[in-house]
Amino acid sequence: MKKIGKIFFAVIIMLIALNVVNQAEAAETEPLISVKLSNYLGSKSSITIQPSEIYRIKDTNLTLSAKKDYEVKVTSNGVAIYKGTEKLGEFPSFEVTPSTYDATLAIQGRKYLGDVAFTNESQKYVRPINTLPIEDYLKGVVPEESLKNWTSLNTFKAQAVAARGYALKHLKDSDLTDTQFKQVYGGKQELSITPLTDKAVEETFGEVVTYNGRAIETLFSSSNGGIIEANSNYWPKGDPLPYFQVKNDPYDPQMPWKKVVNK
């Protein structure tokens, strides 16, 4: 009986070790990206969070239990976290990390992978910042930046490659958000479209568009009407880019432009 117990304990240790190795490998092979969550959350002085598994508050001895509700509130000195009416702690800001990578943290009902920091924004609002490997971030972007009735895997692949290039160019932005002003990011998706969009991200792993050997900031459009626009015409303050110049696009005849002038 003791021998069986030792074997069981050894298996558990191996599984934990493998999980740690997998997380470390992901961190080494993929850059991490941090994104402020405001698109679906809005601006609230108090938000509800629920971890699917045990989460730890970094640099403390505090843990969050699985499937229990917690409340994060703005305070005069930062943010506080409550379990029911009990205040567990108050911090200038704090960050939670999951016990297993596949765990999710639901914020007002929407689920997110990775670590989540909670900060005080303008002394008024709780602002979560989600940090995770870029490929999992893209799995939350592609379904949000695509139409739900698309069925072509290659269409989603084009979106995935474009979104990856854009994300890499904004990797170090401190103001990267989950809104349409950057890229819409919806967290861990559970929609019918997800298997196809997940596959598109996985099958284009690490792929970006390059110019002269360097990754460029790419933008996606489902149709350009058959003519590519110059970036300097759309963003007058930007420098003209050689790969964003006006030219015909023979691959996009779906929605041709037509101009009618009445005499």
# chains A, B, ... in the order shown; residues from 1 in each chain; ligands from 1

$ residues_around --residues "Pro133 (chain A)" --least-positions-apart "2" --cutoff "6 Å" --atoms "only C-alpha atoms" --output "VMD selection string"
chain A and resid 30 to 32 135 to 136

$ select_by_dssp --residues "region 123-241 of chain A" --states "alpha helix (DSSP H)" --output "PyMOL selection string"
chain A and resi 134-141+153-169+194-203+231-234

$ residues_around --residues "Gln180 (chain A)" --least-positions-apart "4" --cutoff "12 Å" --atoms "only C-alpha atoms" --output "PyMOL selection string"
chain A and resi 37-40+141+144-145+176+184-186

$ residues_around --residues "Leu147 (chain A)" --least-positions-apart "2" --cutoff "12 Å" --atoms "only C-alpha atoms" --output "list in words"
Val141, Val142, Pro143, Glu144, Glu145, Asn149, Trp150, Thr151, Ser152, Thr155, Phe156, Gln159, Ile193, Thr194, Thr197, Ser221 and Ser222 of chain A

$ atom_distance --atom1 "CA of Phe118 (chain A)" --atom2 "CA of Lys139 (chain A)"
22.5 Å

$ closest_residue --among "A:Ser34, A:Asn61, A:Thr75, A:Thr97" --to "Leu171 (chain A)" --atoms "only C-alpha atoms"
A:Ser34

$ atom_distance --atom1 "CA of Gly165 (chain A)" --atom2 "CA of Gly226 (chain A)"
22.7 Å

$ residues_around --residues "Lys188 (chain A)" --least-positions-apart "2" --cutoff "8 Å" --atoms "only C-alpha atoms" --output "list in words"
Thr104, Arg110, Lys111, Tyr112, Leu113, Lys139, Gly140, Gly186 and Glu190 of chain A

$ closest_atom_pairs --of "region 120-188 of chain A" --to "region 77-91 of chain A" --cutoff "8 Å" --atoms "only C-alpha atoms" --output "JSON lines"
{"residue": "A:Asn120", "atom": "CA", "partner": "A:Gly78", "partner_atom": "CA", "distance": 5.3}
{"residue": "A:Gln123", "atom": "CA", "partner": "A:Gly78", "partner_atom": "CA", "distance": 7.6}
{"residue": "A:Val126", "atom": "CA", "partner": "A:Val79", "partner_atom": "CA", "distance": 7.2}

$ residues_around --residues "Gln108 (chain A)" --least-positions-apart "6" --cutoff "8 Å" --atoms "only C-alpha atoms" --output "mmCIF file with C-alpha atoms, in the first residue's frame"
data_model
loop_
_atom_site.group_PDB
_atom_site.id
_atom_site.type_symbol
_atom_site.label_atom_id
_atom_site.label_comp_id
_atom_site.auth_asym_id
_atom_site.auth_seq_id
_atom_site.Cartn_x
_atom_site.Cartn_y
_atom_site.Cartn_z
ATOM 1 C CA LEU A 41 -15.745 45.251 -19.825
ATOM 2 C CA ILE A 47 -15.855 43.845 -11.187
ATOM 3 C CA THR A 48 -16.542 40.159 -10.488
ATOM 4 C CA ILE A 49 -13.955 37.498 -11.295
#

$ atom_distance --atom1 "CA of Thr119 (chain A)" --atom2 "CA of Thr177 (chain A)"
14.2 Å
